[in-house]
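S.K.: File follows, start-v3.cif with mmCIF, C-alpha atoms:
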data_work
loop_
_atom_site.label_atom_id
_atom_site.label_comp_id
_atom_site.auth_asym_id
_atom_site.auth_seq_id
_atom_site.Cartn_x
_atom_site.Cartn_y
_atom_site.Cartn_z
CA MET A 1 0.00 0.00 0.00
CA THR A 2 2.93 2.36 0.55
CA GLU A 3 5.45 3.72 -1.90
CA THR A 4 7.18 6.16 0.46
CA GLY A 5 7.80 4.11 3.59
CA THR A 6 5.08 6.09 5.37
CA THR A 7 1.36 5.43 5.11
CA VAL A 8 -1.25 7.46 6.97
CA ILE A 9 -4.77 6.19 7.55
CA PHE A 10 -7.06 9.06 8.52
CA ASP A 11 -10.70 10.08 8.74
CA GLY A 12 -11.55 11.27 5.24
CA GLU A 13 -14.73 12.94 6.50
CA CYS A 14 -12.89 15.15 9.01
CA ARG A 15 -12.02 18.61 7.71
CA PHE A 16 -9.38 19.09 10.43
CA CYS A 17 -7.77 15.75 9.54
CA ILE A 18 -7.65 16.64 5.83
CA ALA A 19 -6.24 20.12 6.52
CA SER A 20 -3.60 18.66 8.85
CA LEU A 21 -2.60 16.05 6.30
CA ASN A 22 -2.33 18.66 3.54
CA TRP A 23 -0.14 20.78 5.85
CA LEU A 24 2.09 17.78 6.59
CA ARG A 25 2.45 17.16 2.86
CA LEU A 26 3.92 20.62 2.32
CA LYS A 27 7.21 19.22 3.62
CA ALA A 28 6.74 15.46 3.90
CA HIS A 29 6.16 12.90 1.20
CA LEU A 30 3.77 10.25 2.43
CA ASP A 31 0.96 8.08 1.21
CA ALA A 32 -2.39 8.78 2.84
CA TYR A 33 -5.73 7.04 2.60
CA PRO A 34 -9.08 7.78 4.22
CA PHE A 35 -10.00 4.74 6.27
CA GLN A 36 -13.40 4.82 4.60
CA ASP A 37 -11.80 3.85 1.26
CA ALA A 38 -8.57 2.08 2.21
CA ASP A 39 -7.77 -1.61 1.90
CA LEU A 40 -7.26 -1.91 5.65
CA ALA A 41 -6.81 -5.67 5.65
CA SER A 42 -3.71 -5.32 3.48
CA ILE A 43 -1.96 -3.50 6.32
CA GLY A 44 -3.50 -5.51 9.13
CA LEU A 45 -5.98 -2.92 10.39
CA THR A 46 -9.70 -2.95 11.05
CA ARG A 47 -12.23 -0.22 10.44
CA ALA A 48 -12.97 -0.09 14.18
CA GLU A 49 -9.30 0.68 14.91
CA CYS A 50 -9.16 3.40 12.28
CA GLU A 51 -12.37 5.03 13.48
CA LYS A 52 -10.68 5.69 16.84
CA GLU A 53 -7.49 7.48 15.83
CA VAL A 54 -5.08 8.37 13.06
CA ILE A 55 -2.66 5.60 12.21
CA ALA A 56 0.77 6.00 10.66
CA VAL A 57 2.71 3.03 9.35
CA VAL A 58 6.35 4.11 9.15
CA ASP A 59 8.76 1.57 7.70
CA ALA A 60 6.51 -1.33 8.79
CA THR A 61 6.01 -0.01 12.36
CA THR A 62 2.47 1.07 13.28
CA PHE A 63 1.90 4.21 15.36
CA ARG A 64 -1.45 5.43 16.63
CA GLY A 65 -2.91 8.67 17.94
CA ALA A 66 -0.41 11.08 19.53
CA SER A 67 2.47 8.75 18.72
CA ALA A 68 1.48 8.81 15.05
CA ILE A 69 1.31 12.60 15.13
CA ALA A 70 4.77 12.80 16.72
CA HIS A 71 6.25 10.54 14.03
CA LEU A 72 4.57 12.47 11.22
CA LEU A 73 5.86 15.77 12.61
CA GLU A 74 9.35 14.27 12.78
CA ILE A 75 9.12 13.22 9.14
CA ARG A 76 7.92 16.73 8.25
CA GLY A 77 10.94 18.24 9.98
CA ASN A 78 9.20 19.59 13.09
CA HIS A 79 11.68 17.83 15.38
CA ASN A 80 11.12 19.90 18.52
CA LEU A 81 7.34 19.61 18.43
CA SER A 82 7.68 15.88 17.80
CA ARG A 83 9.94 15.56 20.86
CA VAL A 84 7.53 17.53 23.04
CA ILE A 85 4.61 15.28 22.10
CA THR A 86 6.68 12.14 22.63
CA ALA A 87 8.10 13.34 25.97
CA SER A 88 4.67 14.37 27.24
CA GLY A 89 3.55 10.73 27.32
CA LYS A 90 0.02 10.45 28.70
CA LEU A 91 -0.47 14.21 28.45
CA GLY A 92 0.09 13.97 24.69
CA ASP A 93 -2.43 11.13 24.52
CA LEU A 94 -4.97 13.23 26.46
CA GLY A 95 -4.35 16.20 24.15
CA TYR A 96 -4.84 14.00 21.09
CA HIS A 97 -8.05 12.58 22.56
CA TRP A 98 -9.35 16.09 23.32
CA VAL A 99 -8.75 17.26 19.76
CA ALA A 100 -10.28 14.07 18.32
CA THR A 101 -13.44 14.49 20.40
CA HIS A 102 -13.75 18.26 19.91
CA ARG A 103 -13.27 18.57 16.14
CA SER A 104 -16.33 20.78 15.88
CA SER A 105 -15.21 23.15 18.66
CA MET A 106 -14.47 26.76 17.83
CA LEU A 107 -10.75 26.27 18.59
CA ILE A 108 -10.33 23.30 16.25
CA ARG A 109 -12.39 25.00 13.53
CA LEU A 110 -10.07 28.02 13.81
CA ILE A 111 -6.97 25.83 13.59
CA THR A 112 -8.50 24.05 10.60
CA ARG A 113 -9.02 27.36 8.80
CA LEU A 114 -5.45 28.45 9.57
CA LEU A 115 -4.08 25.17 8.20
CA GLU A 116 -6.22 25.45 5.08
CA ARG A 117 -4.93 28.99 4.47
CA ARG A 118 -1.35 27.86 4.97
CA VAL A 119 -1.74 25.15 2.34
CA ARG A 120 -3.17 27.48 -0.32
#
Step by step, read the file and then write its structure as structure tokens.
M.R.:
Amino acid sequence: MTETGTTVIFDGECRFCIASLNWLRLKAHLDAYPFQDADLASIGLTRAECEKEVIAVVDATTFRGASAIAHLLEIRGNHNLSRVITASGKLGDLGYHWVATHRSSMLIRLITRLLERRVR
């Protein structure tokens, strides 16, 4: 499924997810597939897993949620932010969960718009 060594499985119906992915792609080459359309079985994933969190498969290692975000930021070149998320441990997981469950909040909608403008 991957040509680059990095495959991202994301929610293709989430505007924030799409904007974030497009922002990542400004500096990182990766393959990305909405879980709604992806051949999940070919990479050993289920729809239920992918509905819960973003998944990044980097050189055959699977990362989920905040860990996936940290690895994707590292690939993009945002080394310090990646380290902060990784070092934060459970706090990073809680932050990821908050964002994932508040995608329609005013804050996340604002961030989405900022990301979309950055990509243009």
S.K.: At a cut-off of 12 Å, using all atoms listed in the file, what residues contact Ser82 (chain A)? Leave out same-chain residues fewer than 3 positions from it and give the result as a PyMOL selection string.
M.R.: chain A and resi 66-79+85-89+92
S.K.: What is the distance between CA of Ile18 (chain A) and CA of Lys90 (chain A), in Å to one decimal?
M.R.: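 Separating CA of Ile18 (chain A) from CA of Lys90 (chain A) is a distance of 24.9 Å.
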S.K.: When you count all atoms listed in the file, which of these residues is closest to Thr61 (chain A): A:Ala100, A:Val119, A:Ala28, A:Ile43?
M.R.: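 The closest residue to Thr61 (chain A) is A:Ile43.
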S.K.: Hey, which of A:Pro34, A:Leu81, A:Gly95, A:His29 ends up closest to Arg15 (chain A)? Count only C-alpha atoms.
M.R.: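 Of all the options, A:Pro34 lies closest to Arg15 (chain A).
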S.K.: Given only C-alpha atoms as the basis, pick out the residue of A:Arg113, A:Ala60, A:Ile55, A:Ser20 nearest to Leu40 (chain A).
M.R.: A:Ile55
S.K.: Please work out which residues fall within 10 Å of (1.2, 22.7, 6.0), coordinates as given in the file, with only C-alpha atoms counting, and return them as a list of chain:residue names.
M.R.: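 The residues near that point, listed by chain and number, are A:Ala19, A:Ser20, A:Leu21, A:Asn22, A:Trp23, A:Leu24, A:Arg25, A:Leu26, A:Lys27, A:Ala28, A:Arg76, A:Leu114, A:Leu115, A:Glu116, A:Arg117, A:Arg118, A:Val119, A:Arg120.
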S.K.: Those same residues - C-alpha atoms - I'd like them written as a compact mmCIF listing (two decimals), in the frame of the given file.
M.R.:
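Output (result29.txt):
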# COMPACT_ATOMS: atom_id res chain seq x y z
CA ALA A 19 -6.24 20.12 6.52
CA SER A 20 -3.60 18.66 8.85
CA LEU A 21 -2.60 16.05 6.30
CA ASN A 22 -2.33 18.66 3.54
CA TRP A 23 -0.14 20.78 5.85
CA LEU A 24 2.09 17.78 6.59
CA ARG A 25 2.45 17.16 2.86
CA LEU A 26 3.92 20.62 2.32
CA LYS A 27 7.21 19.22 3.62
CA ALA A 28 6.74 15.46 3.90
CA ARG A 76 7.92 16.73 8.25
CA LEU A 114 -5.45 28.45 9.57
CA LEU A 115 -4.08 25.17 8.20
CA GLU A 116 -6.22 25.45 5.08
CA ARG A 117 -4.93 28.99 4.47
CA ARG A 118 -1.35 27.86 4.97
CA VAL A 119 -1.74 25.15 2.34
CA ARG A 120 -3.17 27.48 -0.32
S.K.: Set up a box along x, y and z of the file covering all listed atoms of region 90-93 of chain A, add 3 Å on every one of the six sides, and write the centre and edge lengths in Å to one decimal, as JSON.
M.R.:
{"center_x": -1.2, "center_y": 12.3, "center_z": 26.6, "size_x": 8.5, "size_y": 9.8, "size_z": 10.2}
S.K.: On this structure, which residues satisfy the PyMOL selection byres ((chain A and resi 32) around 9), written as a compact mmCIF listing (two decimals) with C-alpha atoms, keeping the file's coordinate frame?
M.R.:
# COMPACT_ATOMS: atom_id res chain seq x y z
CA THR A 2 2.93 2.36 0.55
CA THR A 6 5.08 6.09 5.37
CA THR A 7 1.36 5.43 5.11
CA VAL A 8 -1.25 7.46 6.97
CA ILE A 9 -4.77 6.19 7.55
CA PHE A 10 -7.06 9.06 8.52
CA LEU A 21 -2.60 16.05 6.30
CA LEU A 30 3.77 10.25 2.43
CA ASP A 31 0.96 8.08 1.21
CA TYR A 33 -5.73 7.04 2.60
CA PRO A 34 -9.08 7.78 4.22
CA ALA A 56 0.77 6.00 10.66
S.K.: Any idea what's packed within 7 Å of Glu53 (chain A), counting all atoms listed in the file, ignoring anything in its chain fewer than 2 positions away? Could you give it as a ChimeraX atom specification?
M.R.: /A:50-51,55,64-65
S.K.: Could you please determine the separation between CA of Arg103 (chain A) and CA of Glu49 (chain A) in Å, to one decimal place?
M.R.: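 CA of Glu49 (chain A) lies at a distance of 18.4 Å from CA of Arg103 (chain A).
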S.K.: With all atoms listed in the file as the atoms that count, which of A:Gly12, A:Lys52, A:Arg83, A:Asp59 lies nearest to Ala38 (chain A)?
M.R.: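 The closest residue to Ala38 (chain A) is A:Gly12.
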S.K.: At what distance in Å, to one decimal, does CA of Phe16 (chain A) lie from CA of Leu107 (chain A)?
M.R.: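 Interatomic distance here is 11.0 Å.
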